[in-house]
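File shown: data_20.csv. Contents: CSV, C-alpha atoms and all ligand atoms.
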```
chain,number,residue,atom,x,y,z
A,81,MET,CA,-14.6,-147.2,-72.9
A,82,GLU,CA,-16.9,-149.1,-75.3
A,83,ALA,CA,-15.3,-152.1,-76.9
A,84,SER,CA,-14.1,-150.4,-80.0
A,85,ARG,CA,-14.6,-146.7,-79.3
A,86,THR,CA,-11.5,-144.8,-78.2
A,87,THR,CA,-9.7,-141.5,-78.3
A,88,VAL,CA,-7.0,-141.1,-80.9
A,89,SER,CA,-4.6,-138.3,-79.8
A,90,ILE,CA,-1.5,-136.7,-81.2
A,91,SER,CA,0.4,-133.7,-79.9
A,92,ILE,CA,3.4,-131.6,-80.5
A,93,GLU,CA,5.2,-128.8,-78.5
A,94,LEU,CA,5.9,-125.7,-80.5
A,95,ALA,CA,8.1,-122.7,-79.6
A,96,LEU,CA,5.5,-120.3,-80.8
A,97,GLU,CA,2.7,-118.4,-79.0
A,98,PRO,CA,-0.7,-120.2,-79.1
A,99,ILE,CA,-2.2,-117.6,-81.4
A,100,VAL,CA,0.7,-117.9,-83.9
A,101,SER,CA,0.6,-121.7,-83.7
A,102,PHE,CA,-3.1,-121.6,-84.3
A,103,ASP,CA,-2.8,-119.4,-87.4
A,104,VAL,CA,0.1,-121.3,-88.9
A,105,PHE,CA,-1.6,-124.7,-88.2
A,106,ILE,CA,-4.9,-123.6,-89.8
A,107,GLU,CA,-3.2,-122.2,-92.9
A,108,GLU,CA,-1.1,-125.4,-93.4
A,109,LEU,CA,-4.0,-127.7,-92.6
A,110,THR,CA,-6.3,-126.0,-95.0
A,111,ALA,CA,-3.7,-126.1,-97.8
A,112,ALA,CA,-3.0,-129.8,-97.2
A,113,LEU,CA,-6.7,-130.7,-97.1
A,114,THR,CA,-7.3,-128.8,-100.4
A,115,GLN,CA,-4.4,-130.7,-102.0
A,116,SER,CA,-6.0,-134.0,-101.0
A,117,GLY,CA,-9.4,-133.0,-102.4
A,118,MET,CA,-11.1,-131.8,-99.2
A,119,SER,CA,-12.3,-128.3,-98.5
A,120,PHE,CA,-12.1,-126.7,-95.0
A,121,GLU,CA,-14.0,-123.6,-94.2
A,122,ALA,CA,-11.8,-122.5,-91.3
A,123,ARG,CA,-14.3,-120.4,-89.3
A,124,GLU,CA,-17.2,-120.6,-87.0
A,125,ASN,CA,-19.8,-123.0,-88.3
A,126,GLY,CA,-17.5,-123.8,-91.2
A,127,ARG,CA,-17.7,-127.2,-92.9
A,128,ILE,CA,-15.2,-129.8,-94.1
A,129,THR,CA,-16.3,-131.4,-97.3
A,130,GLU,CA,-15.1,-134.1,-99.5
A,131,GLY,CA,-16.8,-133.7,-102.8
A,132,GLU,CA,-20.6,-133.6,-102.0
A,133,PHE,CA,-20.1,-135.3,-98.6
A,134,GLU,CA,-19.8,-133.3,-95.4
A,135,ALA,CA,-17.1,-134.9,-93.3
A,136,GLY,CA,-17.0,-132.4,-90.5
A,137,ARG,CA,-18.6,-129.2,-89.2
A,138,VAL,CA,-17.0,-126.6,-86.8
A,139,ILE,CA,-19.0,-126.6,-83.6
A,140,ALA,CA,-16.5,-124.5,-81.6
A,141,TRP,CA,-14.1,-121.9,-82.9
A,142,LYS,CA,-11.8,-120.0,-80.5
A,143,PRO,CA,-8.8,-118.6,-82.4
A,144,GLY,CA,-5.6,-119.2,-80.5
A,145,GLU,CA,-7.3,-121.8,-78.2
A,146,LEU,CA,-9.3,-124.5,-79.8
A,147,ILE,CA,-11.4,-125.8,-82.6
A,148,GLN,CA,-14.0,-128.6,-82.2
A,149,LEU,CA,-15.5,-130.5,-85.1
A,150,GLN,CA,-18.4,-132.8,-85.3
A,151,TRP,CA,-17.1,-135.5,-87.6
A,152,HIS,CA,-18.8,-138.0,-89.9
A,153,GLN,CA,-16.4,-140.5,-91.1
A,154,ALA,CA,-18.7,-142.6,-93.3
A,155,ASP,CA,-21.1,-141.7,-96.0
A,156,TRP,CA,-22.9,-145.1,-95.7
A,157,GLU,CA,-23.6,-144.5,-91.9
A,158,THR,CA,-24.5,-140.8,-91.8
A,159,GLU,CA,-25.7,-141.0,-88.2
A,160,GLU,CA,-22.3,-142.1,-87.0
A,161,ALA,CA,-20.8,-139.0,-85.5
A,162,THR,CA,-17.5,-138.6,-83.6
A,163,TYR,CA,-15.7,-135.5,-82.3
A,164,VAL,CA,-12.4,-133.9,-83.2
A,165,GLU,CA,-10.8,-131.3,-81.0
A,166,MET,CA,-7.7,-129.2,-81.9
A,167,ARG,CA,-6.3,-127.5,-78.8
A,168,PHE,CA,-3.5,-124.9,-78.5
A,169,GLU,CA,-2.4,-124.7,-74.8
A,170,PRO,CA,0.3,-122.3,-73.5
A,171,ILE,CA,3.3,-124.1,-72.1
A,172,ASN,CA,6.7,-122.7,-71.1
A,173,GLY,CA,6.4,-119.7,-73.4
A,174,GLY,CA,5.3,-121.9,-76.2
A,175,THR,CA,2.3,-124.0,-77.2
A,176,ARG,CA,1.3,-127.6,-76.9
A,177,ALA,CA,-0.9,-128.3,-80.0
A,178,THR,CA,-3.1,-131.4,-79.6
A,179,LEU,CA,-5.3,-133.1,-82.1
A,180,GLU,CA,-7.8,-135.5,-80.4
A,181,HIS,CA,-10.4,-137.6,-82.1
A,182,ARG,CA,-13.0,-138.9,-79.6
A,183,GLY,CA,-15.4,-141.8,-80.0
A,184,TRP,CA,-13.5,-143.3,-82.9
A,185,GLY,CA,-13.8,-146.9,-84.0
A,186,GLY,CA,-17.6,-147.5,-83.7
A,187,LEU,CA,-17.7,-148.8,-87.3
A,188,LEU,CA,-14.7,-151.0,-87.0
A,189,GLY,CA,-16.2,-154.1,-85.5
A,190,GLY,CA,-13.7,-155.0,-82.7
A,191,PRO,CA,-10.6,-154.0,-80.8
A,192,GLY,CA,-8.4,-156.1,-83.2
A,193,GLU,CA,-9.7,-154.1,-86.1
A,194,LEU,CA,-9.2,-150.9,-84.3
A,195,THR,CA,-5.5,-151.9,-83.6
A,196,GLY,CA,-5.1,-152.8,-87.3
A,197,TRP,CA,-6.6,-149.4,-88.4
A,198,PHE,CA,-4.3,-147.5,-86.0
A,199,ALA,CA,-1.2,-149.4,-87.0
A,200,ARG,CA,-1.8,-149.1,-90.7
A,201,THR,CA,-3.4,-145.7,-91.2
A,202,VAL,CA,-1.9,-143.7,-88.3
A,203,ALA,CA,1.3,-145.3,-87.1
A,204,ALA,CA,2.8,-146.5,-90.4
A,205,PRO,CA,2.3,-143.2,-92.3
A,206,PHE,CA,3.6,-141.3,-89.3
A,207,LEU,CA,6.8,-143.5,-89.2
A,208,GLN,CA,7.2,-143.2,-93.0
A,209,ALA,CA,6.7,-139.4,-92.8
A,210,THR,CA,9.6,-139.2,-90.3
A,211,SER,CA,11.9,-141.7,-92.0
A,212,PRO,CA,15.1,-140.4,-93.6
A,213,ARG,CA,13.9,-140.9,-97.2
A,214,GLU,CA,10.4,-139.5,-96.8
A,215,PHE,CA,11.4,-136.6,-94.5
A,216,GLY,CA,14.3,-135.7,-96.9
A,217,SER,CA,11.9,-135.8,-99.8
A,218,TRP,CA,9.4,-133.6,-97.9
A,219,LEU,CA,12.0,-131.0,-97.0
A,220,THR,CA,13.2,-131.0,-100.6
A,221,ASP,CA,9.7,-130.3,-101.8
A,222,ARG,CA,9.0,-127.8,-99.1
A,223,ARG,CA,12.2,-125.7,-99.8
A,224,ALA,CA,12.9,-126.1,-103.4
A,225,ARG,CA,11.2,-128.8,-105.5
A,226,ARG,CA,7.6,-127.6,-104.8
A,227,PRO,CA,8.1,-124.8,-102.3
A,228,SER,CA,5.3,-124.2,-99.8
A,229,GLY,CA,4.7,-122.4,-96.5
A,230,ALA,CA,5.4,-119.0,-95.1
A,231,GLN,CA,9.2,-119.5,-94.8
A,232,SER,CA,9.5,-120.5,-98.5
A,233,ARG,CA,7.3,-117.7,-99.6
A,234,ASP,CA,9.6,-115.2,-97.8
A,235,ILE,CA,12.7,-116.8,-99.4
A,236,TYR,CA,11.4,-116.9,-102.9
A,237,ARG,CA,9.8,-113.4,-102.8
A,238,GLU,CA,13.4,-112.0,-103.0
A,239,PRO,CA,15.9,-114.8,-103.5
A,240,LEU,CA,19.0,-112.6,-103.3
A,241,TYR,CA,21.4,-115.5,-104.0
A,242,HIS,CA,19.5,-116.4,-107.2
A,243,TYR,CA,19.8,-112.9,-108.7
A,244,PRO,CA,23.2,-113.5,-110.2
A,245,ASN,CA,21.7,-116.4,-112.2
A,246,PHE,CA,18.8,-114.1,-113.3
A,247,ARG,CA,21.2,-111.5,-114.4
A,248,VAL,CA,23.2,-113.9,-116.6
A,249,ILE,CA,20.0,-115.3,-118.1
A,250,LEU,CA,18.6,-111.8,-118.9
A,251,GLN,CA,21.9,-110.7,-120.4
A,252,GLU,CA,21.9,-113.7,-122.7
A,253,LEU,CA,18.3,-113.3,-123.7
A,254,ALA,CA,18.7,-109.5,-124.3
A,255,LEU,CA,14.9,-109.0,-124.1
A,256,SER,CA,13.1,-106.3,-126.1
A,257,ARG,CA,9.5,-105.0,-126.2
A,258,ASP,CA,8.8,-107.4,-129.0
A,259,ASP,CA,9.6,-110.5,-127.0
A,260,TYR,CA,7.1,-112.9,-125.4
A,261,LEU,CA,9.0,-114.8,-122.7
A,262,ILE,CA,8.0,-118.1,-121.0
A,263,GLU,CA,9.6,-119.0,-117.7
A,264,VAL,CA,9.3,-122.5,-116.4
A,265,GLY,CA,9.5,-123.0,-112.6
A,266,CYS,CA,9.2,-119.3,-111.9
A,267,GLY,CA,9.2,-119.7,-108.1
A,268,GLY,CA,8.2,-116.4,-106.5
A,269,GLY,CA,8.4,-114.5,-109.8
A,270,ALA,CA,11.5,-112.5,-108.9
A,271,MET,CA,13.2,-113.0,-112.3
A,272,LEU,CA,10.0,-112.2,-114.1
A,273,SER,CA,9.9,-108.9,-112.4
A,274,GLU,CA,13.4,-108.0,-113.8
A,275,ALA,CA,12.5,-109.4,-117.2
A,276,LEU,CA,9.4,-107.3,-117.5
A,277,ASN,CA,11.5,-104.1,-117.1
A,278,SER,CA,12.5,-104.7,-120.8
A,279,GLY,CA,8.9,-104.0,-121.8
A,280,CYS,CA,8.3,-107.6,-123.0
A,281,ARG,CA,5.3,-109.7,-122.3
A,282,ALA,CA,5.6,-112.9,-120.3
A,283,ALA,CA,4.0,-116.1,-119.1
A,284,ALA,CA,5.2,-118.5,-116.4
A,285,VAL,CA,4.3,-121.8,-114.9
A,286,ASP,CA,5.2,-123.4,-111.6
A,287,HIS,CA,3.7,-126.6,-110.1
A,288,SER,CA,3.6,-125.1,-106.6
A,289,PRO,CA,0.3,-123.4,-105.8
A,290,ASP,CA,2.1,-121.2,-103.2
A,291,MET,CA,4.7,-120.1,-105.8
A,292,VAL,CA,2.1,-119.3,-108.4
A,293,GLN,CA,0.2,-117.1,-105.9
A,294,LEU,CA,3.4,-115.4,-104.8
A,295,ALA,CA,4.6,-114.8,-108.4
A,296,ARG,CA,1.2,-113.2,-109.2
A,297,GLU,CA,1.5,-111.0,-106.1
A,298,VAL,CA,5.0,-109.9,-106.7
A,299,ASN,CA,4.1,-109.0,-110.3
A,300,HIS,CA,0.7,-107.7,-109.5
A,301,ASP,CA,0.8,-104.7,-111.9
A,302,ALA,CA,2.0,-106.7,-114.9
A,303,VAL,CA,-0.7,-109.3,-114.3
A,304,ALA,CA,-3.4,-106.5,-114.0
A,305,GLU,CA,-2.1,-104.9,-117.2
A,306,GLY,CA,-2.3,-108.3,-119.0
A,307,ARG,CA,1.5,-108.4,-119.7
A,308,LEU,CA,2.0,-111.5,-117.5
A,309,GLU,CA,0.1,-114.6,-116.7
A,310,VAL,CA,1.2,-117.2,-114.2
A,311,ILE,CA,-0.3,-120.6,-114.3
A,312,GLN,CA,0.0,-123.7,-112.1
A,313,ALA,CA,1.3,-126.3,-114.4
A,314,SER,CA,4.1,-128.8,-114.8
A,315,ALA,CA,7.2,-128.3,-117.0
A,316,GLU,CA,6.3,-131.5,-119.0
A,317,HIS,CA,2.8,-130.2,-120.0
A,318,LEU,CA,2.8,-126.5,-120.8
A,319,PRO,CA,-0.7,-125.1,-121.2
A,320,PHE,CA,0.2,-123.1,-124.3
A,321,ALA,CA,-0.1,-123.4,-128.0
A,322,ASP,CA,2.8,-124.3,-130.3
A,323,ALA,CA,5.1,-121.5,-131.4
A,324,ALA,CA,3.6,-119.0,-128.9
A,325,PHE,CA,6.8,-117.5,-127.4
A,326,THR,CA,9.9,-115.8,-128.8
A,327,CYS,CA,12.1,-117.0,-125.9
A,328,ALA,CA,12.3,-119.1,-122.8
A,329,ALA,CA,14.1,-119.4,-119.5
A,330,MET,CA,14.4,-121.9,-116.7
A,331,THR,CA,16.6,-121.5,-113.6
A,332,GLY,CA,17.0,-123.6,-110.5
A,333,VAL,CA,14.7,-126.3,-112.0
A,334,LEU,CA,16.7,-128.6,-114.2
A,335,GLY,CA,18.0,-130.9,-111.4
A,336,PHE,CA,14.5,-131.5,-110.1
A,337,LEU,CA,13.1,-132.7,-113.4
A,338,PRO,CA,12.6,-136.5,-113.6
A,339,ASP,CA,12.5,-136.2,-117.4
A,340,PRO,CA,14.5,-133.2,-118.4
A,341,VAL,CA,14.4,-134.1,-122.1
A,342,ALA,CA,10.6,-134.1,-122.0
A,343,ALA,CA,10.6,-130.7,-120.4
A,344,LEU,CA,13.0,-129.2,-122.9
A,345,ARG,CA,11.1,-130.7,-125.8
A,346,GLU,CA,7.9,-129.1,-124.4
A,347,LEU,CA,9.7,-125.8,-124.2
A,348,ARG,CA,10.9,-126.2,-127.8
A,349,ARG,CA,7.3,-126.9,-128.9
A,350,VAL,CA,6.0,-123.5,-127.5
A,351,LEU,CA,8.9,-121.5,-129.1
A,352,VAL,CA,8.7,-119.9,-132.5
A,353,GLU,CA,11.3,-120.8,-135.2
A,354,GLY,CA,14.4,-119.0,-134.1
A,355,GLY,CA,13.2,-118.7,-130.6
A,356,ARG,CA,15.9,-118.7,-128.0
A,357,ILE,CA,16.3,-120.4,-124.7
A,358,VAL,CA,18.6,-120.0,-121.7
A,359,VAL,CA,18.7,-122.7,-118.9
A,360,LEU,CA,20.7,-122.8,-115.8
A,361,GLY,CA,22.6,-126.0,-115.4
A,362,SER,CA,22.8,-128.5,-112.5
A,363,ASP,CA,26.5,-128.8,-112.1
A,364,PRO,CA,27.8,-131.9,-110.2
A,365,ALA,CA,30.4,-129.6,-108.5
A,366,LEU,CA,27.6,-127.9,-106.6
A,367,LYS,CA,26.5,-131.1,-104.9
A,368,GLY,CA,26.7,-130.7,-101.1
A,369,THR,CA,27.6,-127.0,-101.3
A,370,PRO,CA,25.4,-124.2,-100.1
A,371,ALA,CA,23.9,-124.0,-103.6
A,372,ALA,CA,22.7,-127.7,-103.4
A,373,PRO,CA,22.9,-128.8,-99.7
A,374,GLU,CA,21.4,-131.9,-98.3
A,375,PRO,CA,18.7,-133.2,-98.3
A,376,MET,CA,18.2,-131.4,-101.7
A,377,ALA,CA,21.5,-132.7,-103.1
A,378,SER,CA,20.3,-136.4,-102.8
A,379,HIS,CA,17.1,-135.6,-104.6
A,380,LEU,CA,18.7,-133.6,-107.5
A,381,ARG,CA,20.1,-134.9,-110.8
A,382,PHE,CA,23.4,-133.4,-111.8
A,383,TYR,CA,24.8,-133.0,-115.4
A,384,GLU,CA,28.3,-132.5,-116.7
A,385,ASP,CA,28.4,-129.9,-119.5
A,386,ASP,CA,28.4,-132.4,-122.3
A,387,GLU,CA,25.5,-134.3,-120.7
A,388,PHE,CA,23.6,-131.1,-120.4
A,389,GLN,CA,24.2,-130.2,-124.0
A,390,GLN,CA,23.1,-133.7,-125.0
A,391,LEU,CA,19.8,-133.3,-123.2
A,392,ALA,CA,19.0,-130.3,-125.4
A,393,VAL,CA,20.1,-132.1,-128.6
A,394,GLU,CA,17.8,-135.0,-127.6
A,395,ALA,CA,15.0,-132.5,-127.1
A,396,GLY,CA,15.4,-131.3,-130.7
A,397,PHE,CA,17.6,-128.2,-130.2
A,398,ALA,CA,20.1,-128.5,-133.1
A,399,LYS,CA,21.9,-125.4,-132.1
A,400,ALA,CA,22.8,-125.9,-128.4
A,401,ILE,CA,25.9,-125.0,-126.5
A,402,VAL,CA,26.7,-125.0,-122.8
A,403,VAL,CA,28.7,-122.0,-121.6
A,404,ARG,CA,30.3,-121.1,-118.3
A,405,ARG,CA,29.6,-117.7,-116.9
A,406,ASP,CA,31.3,-116.0,-113.9
A,407,LEU,CA,28.6,-115.1,-111.4
A,408,GLU,CA,30.8,-113.0,-109.0
A,409,PRO,CA,30.5,-109.6,-110.8
A,410,PHE,CA,26.7,-110.1,-110.8
A,411,ALA,CA,26.8,-111.2,-107.1
A,412,ARG,CA,28.5,-107.9,-106.3
A,413,GLN,CA,26.1,-106.0,-108.5
A,414,VAL,CA,23.0,-107.3,-106.7
A,415,GLY,CA,24.4,-106.8,-103.2
A,416,VAL,CA,25.4,-110.2,-102.0
A,417,PRO,CA,27.3,-109.6,-98.7
A,418,GLU,CA,31.1,-109.4,-99.1
A,419,GLU,CA,31.6,-112.5,-96.9
A,420,HIS,CA,29.5,-114.6,-99.2
A,421,LEU,CA,31.0,-113.5,-102.5
A,422,ALA,CA,33.3,-116.5,-102.4
A,423,LEU,CA,30.3,-118.7,-103.0
A,424,PHE,CA,30.1,-117.2,-106.5
A,425,ALA,CA,33.8,-117.5,-107.4
A,426,GLY,CA,35.3,-120.5,-109.2
A,427,PRO,CA,35.2,-122.0,-112.7
A,428,GLY,CA,32.0,-120.4,-113.7
A,429,THR,CA,28.4,-121.6,-113.7
A,430,SER,CA,26.9,-123.6,-116.6
A,431,PHE,CA,24.1,-122.3,-118.8
A,432,LEU,CA,22.6,-123.8,-121.8
A,433,LEU,CA,22.1,-121.4,-124.8
A,434,ALA,CA,20.0,-122.8,-127.6
A,435,GLN,CA,17.8,-121.8,-130.5
A,436,LYS,CA,14.9,-123.5,-132.3
A,437,SER,CA,15.7,-123.7,-135.9
B,501,LIG,C1,14.6,-124.0,-106.6
B,501,LIG,S1,13.1,-123.3,-107.1
B,501,LIG,C2,13.7,-122.0,-108.2
B,501,LIG,C3,12.6,-120.9,-108.4
B,501,LIG,C4,13.1,-119.7,-109.2
B,501,LIG,N1,13.3,-120.1,-110.6
B,501,LIG,C5,14.3,-119.1,-108.7
B,501,LIG,O1,15.4,-119.4,-109.3
B,501,LIG,O2,14.2,-118.4,-107.7
B,501,LIG,C6,12.5,-124.5,-108.2
B,501,LIG,C7,11.1,-124.1,-108.7
B,501,LIG,O3,10.7,-125.0,-109.8
B,501,LIG,C8,9.4,-125.5,-109.6
B,501,LIG,N2,9.3,-126.8,-110.2
B,501,LIG,C9,10.1,-127.9,-110.0
B,501,LIG,N3,9.8,-128.9,-110.8
B,501,LIG,C10,8.8,-128.4,-111.6
B,501,LIG,C11,8.0,-129.0,-112.6
B,501,LIG,N4,8.2,-130.3,-113.0
B,501,LIG,N5,7.0,-128.2,-113.2
B,501,LIG,C12,6.8,-127.0,-112.8
B,501,LIG,N6,7.5,-126.4,-111.8
B,501,LIG,C13,8.5,-127.1,-111.2
B,501,LIG,C14,9.3,-125.5,-108.1
B,501,LIG,O4,7.9,-125.5,-107.7
B,501,LIG,C15,10.0,-124.3,-107.6
B,501,LIG,O5,9.2,-123.1,-107.6
```
What does the file become when written as structure tokens?
Amino acid sequence: MEASRTTVSISIELALEPIVSFDVFIEELTAALTQSGMSFEARENGRITEGEFEAGRVIAWKPGELIQLQWHQADWETEEATYVEMRFEPINGGTRATLEHRGWGGLLGGPGELTGWFARTVAAPFLQATSPREFGSWLTDRRARRPSGAQSRDIYREPLYHYPNFRVILQELALSRDDYLIEVGCGGGAMLSEALNSGCRAAAVDHSPDMVQLAREVNHDAVAEGRLEVIQASAEHLPFADAAFTCAAMTGVLGFLPDPVAALRELRRVLVEGGRIVVLGSDPALKGTPAAPEPMASHLRFYEDDEFQQLAVEAGFAKAIVVRRDLEPFARQVGVPEEHLALFAGPGTSFLLAQKS
């Protein structure tokens, strides 16, 4: 081993076949790199680029087995090349996935610096990522606050347990062909799909790229016909003109918003005079139940009915009331299994009904 050149290696054992591990890993890695501003052409001779700079190039591509990259970690020393290998080896019916970076450290100037680099940029982020706070936050994002990955896409494609909320919202909105609906935090677009049956037009935003893509897929025909657009955007900055919509809906989102008043104000801005809005509440009684389990519960904000109404008033909705609706009949209607109907019984679920005037 040269003084400051070494192999950095990390591995994990997965209860998946190598070919499946490979595919899932590549999909997630590509998405994560894209989010951090890098692009990865995941194929033979593909490149990894960061802006104009080529950080890596695929020199071996064997699906289900391995990927090798030639890696250039520095744009000021373009000759400095190292090698990254990602291996997927079968073990006990599963896979050991290993990421190994060879020849690392040549630009670091000494073993002490190498130790410092490893401690600060590899070990510390790894420990943070697996700490209770960060891991809980990651899981909250992954499953609900900004859903991503195949499992979340499956869940939000048809979120059976959310349909009772959708039904209440749609009943309250009583959509017609003349309506133009905006939904904020549309997830996989399941409620949009029901809303569009009224003949209305709609637009939706979600800040999760996976959910935007899914909502477009689920409502493919409406998107193709120009009756629906789904845009990646945040609730606090809606990419629409003032007074564009006749009505608005938001469900399963309120508790995740750091500034709910800003989001409601933004919704009010894009509504016409007289435009109506229905928003599902974030009831403290749900904390820790299957509707808001940990770790989500600790990352959600909850509002009593009077606080919820106050948010709308602060956002400028003069006519705002919070009502309680019984979800159980809707749960039966949409086919929630008998043994889970009890989840929908109780004092009713809170919804904000408001109008811009
Ligand atoms: C629990 S999911 C609910 C999805 C869908 N409305 C449903 O009921 O099935 C919350 C959704 O809101 C989105 N979301 C959360 N905060 C958001 C924000 N500030 N701006 C835009 N979307 C947001 C998430 O990405 C996620 O898709």
Residues near Asn172 in chain A, cut-off 12 Å, all atoms listed in the file, skip fewer than 5 positions along chain, as a PDB file with C-alpha atoms, in the frame of the given file:
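Heads up, here's the output in out_18.pdb:
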```pdb
ATOM      1  CA  GLU A  93       5.200-128.800 -78.500  1.00  0.00           C
ATOM      2  CA  LEU A  94       5.900-125.700 -80.500  1.00  0.00           C
ATOM      3  CA  ALA A  95       8.100-122.700 -79.600  1.00  0.00           C
ATOM      4  CA  LEU A  96       5.500-120.300 -80.800  1.00  0.00           C
ATOM      5  CA  GLU A  97       2.700-118.400 -79.000  1.00  0.00           C
ATOM      6  CA  PRO A  98      -0.700-120.200 -79.100  1.00  0.00           C
TER       7      PRO A  98
END
```
**Report entry** All residues 6 Å or closer to Ala328 in chain A, only C-alpha atoms, same chain fewer than 5 positions away omitted, as a ChimeraX atom specification
**Finding:** /A:261-263,357
Requested in this report: Taking all atoms listed in the file into account, report as a VMD selection string which residues have an atom no farther than 9 Å from an atom of ligand LIG 501 (chain B).
Outcome: chain A and resid 221 to 228 235 to 243 245 to 246 263 to 271 285 to 292 312 to 318 329 to 340 343
Query raised in the report: Can you tell me, as a ChimeraX atom specification, which residues sit within 8 Å of (11.2, -120.0, -135.0) in the file's frame, using all atoms listed in the file?
Result: /A:323,326,351-355,436-437
Would you be able to write out as a short mmCIF file (atom, residue, chain, number, x, y, z; two decimals) with C-alpha atoms, in the frame of the given file which residues have an atom within 6 Å of (-2.8, -136.5, -82.1) in the file's coordinates, counting all atoms listed in the file?
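Wrote it out as selection.cif, contents follow:
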```
data_model
loop_
_atom_site.label_atom_id
_atom_site.label_comp_id
_atom_site.auth_asym_id
_atom_site.auth_seq_id
_atom_site.Cartn_x
_atom_site.Cartn_y
_atom_site.Cartn_z
CA SER A 89 -4.60 -138.30 -79.80
CA ILE A 90 -1.50 -136.70 -81.20
CA SER A 91 0.40 -133.70 -79.90
CA THR A 178 -3.10 -131.40 -79.60
CA LEU A 179 -5.30 -133.10 -82.10
CA GLU A 180 -7.80 -135.50 -80.40
#
```
Report task. Fewer than 3 positions away in the same chain doesn't count, so skip those; otherwise give me all residues within 10 Å of range 204-216 of chain A, counting all atoms listed in the file, as a VMD selection string. Result -> chain A and resid 198 to 201 219 to 222 374 to 379
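Reported to one decimal place, the separation of CA of Thr429 in chain A from CA of Arg405 in chain A is 5.2 Å.
For the atom pair formed by CA of Ala275 in chain A and CA of Leu250 in chain A, the distance is 6.8 Å, given to one decimal.
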Query raised in the report: Nearest to His420 in chain A: which of A:Ala135, A:Leu188, A:Ala371, A:Val303 is it, counting only C-alpha atoms?
Result: A:Ala371
Query raised in the report: Could you name the residues that touch Ala398 in chain A at 12 Å or less, counting all atoms listed in the file, but leaving out those on the same chain fewer than 5 positions away, as a PyMOL selection string?
Result: chain A and resi 345+348+353-354+356+389-393+433-437
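Proximity ranking of A:Glu132, A:Asp322, A:Glu160, A:Glu165 relative to Thr87 in chain A places A:Glu165 first, based on all atoms listed in the file.
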Requested in this report: In Å, rounded to a single decimal, give me how far CA of Ile92 in chain A is from CA of Gln115 in chain A.
Outcome: 22.9 Å
Report task. Using all atoms listed in the file, pick whichever of A:Arg281, A:Cys327, A:Ala425, A:Ala321 has the shortest atom-to-atom distance to Gly306 in chain A. Result -> A:Arg281
Find the residues near Phe410 in chain A: any atom within 10 Å, counting only C-alpha atoms, skip ones fewer than 2 places away on the same chain, and give them as a CSV table (one decimal) with C-alpha atoms, in the coordinates of the input.
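Wrote result_18.csv, looks like this:
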```csv
chain,number,residue,atom,x,y,z
A,243,TYR,CA,19.8,-112.9,-108.7
A,244,PRO,CA,23.2,-113.5,-110.2
A,245,ASN,CA,21.7,-116.4,-112.2
A,246,PHE,CA,18.8,-114.1,-113.3
A,247,ARG,CA,21.2,-111.5,-114.4
A,248,VAL,CA,23.2,-113.9,-116.6
A,406,ASP,CA,31.3,-116.0,-113.9
A,407,LEU,CA,28.6,-115.1,-111.4
A,408,GLU,CA,30.8,-113.0,-109.0
A,412,ARG,CA,28.5,-107.9,-106.3
A,413,GLN,CA,26.1,-106.0,-108.5
A,414,VAL,CA,23.0,-107.3,-106.7
A,415,GLY,CA,24.4,-106.8,-103.2
A,416,VAL,CA,25.4,-110.2,-102.0
A,421,LEU,CA,31.0,-113.5,-102.5
A,424,PHE,CA,30.1,-117.2,-106.5
```
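When all atoms listed in the file are used to measure the gap to Trp151 in chain A, the shortest distance among A:Pro370, A:Pro409, A:Gly136, A:Gly126 belongs to A:Gly136.
Shortest separation to Pro191 in chain A among A:Ala324, A:Asp301, A:Pro143, A:Thr86 occurs at residue A:Thr86, atoms counted being only C-alpha atoms.
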Query - Using all atoms listed in the file: which of A:Glu130, A:Glu193, A:Glu145, A:Glu419 has the shortest distance to Arg85 in chain A - result: A:Glu193
